[in-house]
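Student: After the C-alpha cells below, expect a handful of questions from me.
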Amino acid sequence: MGILEGRRILVAGVTMDSSIGFATAKFAQEQGATVLISNFGRALGITRRIAKRLPVEPAVLELDVTDPEHLAGLEAAVREHVDGLDGVVHSIAYGNPETLLGGRFLDGPWEDVAQAVHVSAYSLKSLAVATRPLLSRGSSVVGLTFDATVAWPAYDWMGVAKAGLESTARYLARDLGADGIRVNLVSAGPLKTLAAKAIPGFEDLEALWETKAPLGWDNKDQEPTARAVCALLSDLFPATSGEIVHVDGGFHAMGA
C-alpha cells in the first residue's frame, strides 16, 4: 500500500513531462492517489497530451490561477471527478524572462514584477482559498520554491516573487491551521525544466551545485523533489506546517 492510498490530489500547473508537477503526479499515482492536473490557455492542449504518459490518465482541468472566474468554478470542476481533495500541489510560477531575469533586476518594470508576484506568490493563496471547501482536516497544500533567502545569479525578480511565495505559505499555515490544513513548501535545487530553460544565465546557477552539493545533484532527475512533495501530501508529517523542506543535495546547508 502506498503512502497516498485513497487520497485525492490536485496538481496545478503541469505542462511538460519534464516538470516537477508531472513527476509529482506520477509518483502520487504510484503511491495510490487519484490525481487531477490542470493548466490553461495554449498550454492546456500540451497538458492533455502529456497526461496520457502518466500511469493512469488523469482528469485535466482548465485553471488560470489569476482568473477569478476559474477560481470561482474550481470547486464544481473538481467535484465532476472526485467528491473532495486531500491535497493540492502549487506548481506554478512565471516571470517575463526578457525583462525580469538574467541580470535585469535594476530595470524590471513594475507591470511585469506585479505579474510575477501575482502568478508565482499570490496565486498560492488564491488556490488554497478556492480549494478550501474541498479540503478536510488532515489535508495538505504543498508549493514549490527556490531558496529565496539569498540573491542568486540571473534569478533577479523571480527571487523576490519566491520570497513572497515563502511568506505567503507561512501566513496560510497560520490561517488554515485551525481547519487542520497543513501548508508547506519544497525548495528544490536547479532542475532542467521548461521554466529553468527560460531563465537567461541559468547555467551559472546549475554550476554552483556541481561542487557544493555534498550529496551531489542530478539536474535532470525530478523524482527526489516529487517524493518530498508526496511525503508532505501524505499523513507522514501530521504536525508539520509552515515549513520549507530542501531537496537540493544538501547545498543550502553549506558555506563557502
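Residues in the C-alpha cells are named by chain (A, B, ... in the order shown) and by number from 1 within that chain; ligands are numbered from 1 in the order shown.
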Residues within 12 Å of A:Ala163, please, as a PyMOL selection string. Count only C-alpha atoms; anything in the same chain fewer than 2 positions from it doesn't count.
Tutor: chain A and resi 116-117+120-122+144-151+155-161+165-170+185+187+244
Student: Just to be explicit: take each residue in the selection above, keep C-alpha atoms, and write the result as a PDB file, in the first residue's frame.
Tutor:
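File produced: out_23.pdb:
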ATOM      1  CA  ALA A 116       5.364  37.668 -11.485  1.00  0.00           C
ATOM      2  CA  VAL A 117       4.256  38.200  -7.888  1.00  0.00           C
ATOM      3  CA  SER A 120       4.134  32.991  -8.505  1.00  0.00           C
ATOM      4  CA  ALA A 121       3.161  34.037  -4.965  1.00  0.00           C
ATOM      5  CA  TYR A 122      -0.346  35.443  -4.549  1.00  0.00           C
ATOM      6  CA  LEU A 144       7.447  24.655  -4.911  1.00  0.00           C
ATOM      7  CA  THR A 145      10.095  27.276  -4.283  1.00  0.00           C
ATOM      8  CA  PHE A 146      13.733  28.039  -4.993  1.00  0.00           C
ATOM      9  CA  ASP A 147      15.604  29.241  -1.905  1.00  0.00           C
ATOM     10  CA  ALA A 148      14.699  32.925  -1.516  1.00  0.00           C
ATOM     11  CA  THR A 149      16.912  33.670   1.497  1.00  0.00           C
ATOM     12  CA  VAL A 150      19.789  34.903  -0.688  1.00  0.00           C
ATOM     13  CA  ALA A 151      20.318  36.702  -4.017  1.00  0.00           C
ATOM     14  CA  TYR A 155      17.196  34.875 -10.842  1.00  0.00           C
ATOM     15  CA  ASP A 156      16.506  38.540 -10.038  1.00  0.00           C
ATOM     16  CA  TRP A 157      12.788  39.364  -9.685  1.00  0.00           C
ATOM     17  CA  MET A 158      11.790  35.712  -9.567  1.00  0.00           C
ATOM     18  CA  GLY A 159      13.785  35.548  -6.348  1.00  0.00           C
ATOM     19  CA  VAL A 160      11.615  38.351  -4.999  1.00  0.00           C
ATOM     20  CA  ALA A 161       8.487  36.512  -6.134  1.00  0.00           C
ATOM     21  CA  LEU A 165       5.643  32.765  -2.001  1.00  0.00           C
ATOM     22  CA  GLU A 166       7.537  31.607   1.080  1.00  0.00           C
ATOM     23  CA  SER A 167       5.971  34.307   3.233  1.00  0.00           C
ATOM     24  CA  THR A 168       2.530  33.551   1.796  1.00  0.00           C
ATOM     25  CA  ALA A 169       2.920  29.881   2.755  1.00  0.00           C
ATOM     26  CA  ARG A 170       3.687  30.816   6.359  1.00  0.00           C
ATOM     27  CA  LEU A 185       6.922  24.229   0.532  1.00  0.00           C
ATOM     28  CA  SER A 187      12.761  24.023  -2.137  1.00  0.00           C
ATOM     29  CA  ILE A 244      10.331  24.610   3.760  1.00  0.00           C
TER      30      ILE A 244
END
Student: I need the strand (DSSP E) residues of stretch 8-235 of chain A per DSSP on the backbone, written as a ChimeraX atom specification.
Tutor: /A:8-12,34-39,59-62,85-90,135-145,182-188
Student: Just the residues within 10 Å of A:Leu191, please, counting only C-alpha atoms, with nothing from its chain fewer than 6 positions along; format it as JSON, numbers by chain.
Tutor: {"A": [18, 19, 20, 197, 202, 206, 217, 218, 219, 220, 221, 222, 225, 248]}
Student: Quick one: of A:Gly32, A:Gly255, A:Pro133, A:Gly73, who's nearest to A:Val56, counting only C-alpha atoms?
Tutor: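 Residue with the minimum atom-to-atom distance to A:Val56: A:Gly32.
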Student: Rounded to one decimal in Å, what is the spacing between atom CA of A:Val82 and atom CA of A:Leu135?
Tutor: 11.8 Å
